[in-house]
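Some notes on the structure that comes next.
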Amino acid sequence: MKQAKNIGLSLLGFALIAAGIALIKALPDPQGILRSLPFLLVGFGCGIFGHGLGDALAKKAADADPEMARRLEIAQTDERNVMIGSLAKAKGYDMMTYVFGALMVAFALMGAEWTVIIAMVVAYLFVHGYAIYFRVKLEKEM
Amino acid sequence: MKNRLEELRKSRGVRQEELADALGVSRQTIGSLENGRYNPSILLAFKIARYFGMTIEDIFIYEEESK
């Protein structure tokens, strides 16, 4: 079942890449949204294709070598590894706060279009709102 | 927090890999526990105590932090 999903995702990714390339070839002078859509399709397609194929190959390798699969599962669920991963993500989140902030100021000083700056501010506030939501949720749960 | 994990493991002739396998953790976690770089969760502490047939207090030595 999982393998069928992985193969389905790979095929979907491949179809998106093919559609993107076909649009690039078919439209020599694209206008409006068609200027970026083919490249978005190729980008999303590559991501989905790589993800699906990677998972499918990992599942195949795990089926062929159960001992390796067991070790991999231990490595993924090991409490120290999980804690290290969470701490590293938290550090990355703190750094992202500063980098996003600096980037927004830089864009504003460069006189970038206000829609770009507003989009960045909304994304910045969304990420922080998400963190606050989980903080409140976890405070209640623990 | 200090612990007697390495002493107990060696006295029973168990390798780090074997202990890690029995407890369902990585070998690196056992290494970190043994040299005091990592303190286990209460669940892992119970698993370790059960593995050696001892109590948690027999294995892990809590030291009050000096002010």
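Lettering and numbering for the structure tokens are positional, with chains as A, B, ... in the shown order, residues counted from 1 in each chain, and ligands counted from 1 in the shown order.
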
Please provide the set of residues having any atom within 12 Å of segment 28-34 of chain B, restricted to only C-alpha atoms, with same-chain residues fewer than 4 positions apart removed, written as a PyMOL selection string. (chain A and resi 74-75+77-84) or (chain B and resi 1-10+14-24+38-41+44-45+48+59-60)

DSSP on the backbone: which residues in chain B end up as helix (DSSP H, G or I)? Give the answer as JSON, numbers by chain. {"B": [5, 6, 7, 8, 9, 10, 11, 16, 17, 18, 19, 20, 21, 22, 23, 27, 28, 29, 30, 31, 32, 33, 34, 42, 43, 44, 45, 46, 47, 48, 49, 50, 51, 52, 56, 57, 58, 59]}

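Here the question is which of A:Leu12, A:Ala102, A:Leu72, A:Leu27 gets nearest to chain B using only C-alpha atoms, and that residue is A:Leu72.
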
Using backbone DSSP assignments, extract all strand (DSSP E) residues from chain B; output them as a PyMOL selection string. chain B and resi 2-3+60-61

What is the distance, in Å and to one decimal place, between atom CA of Glu73 of chain A and atom CA of Ala61 of chain A?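 Between these atoms lies a distance of 13.1 Å.
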
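Our summary of the geometry notes that atom CA of Leu125 of chain A is positioned 26.3 Å from atom CA of Gly43 of chain A.
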
Counting only C-alpha atoms, which of A:Arg71, A:His128, A:Lys89, A:Lys137 gets nearest to chain B?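 Among A:Arg71, A:His128, A:Lys89, A:Lys137, it is A:Arg71 that comes nearest to chain B.
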
Which residue of A:Gln76, A:Gln3, A:Ser10, A:Gln31 approaches chain B most closely, using only C-alpha atoms: A:Gln76

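Among the candidate residues B:Glu63, B:Ser11, B:Leu43, B:Asn35, the one lying nearest to chain A is B:Leu43, with distances computed using only C-alpha atoms.
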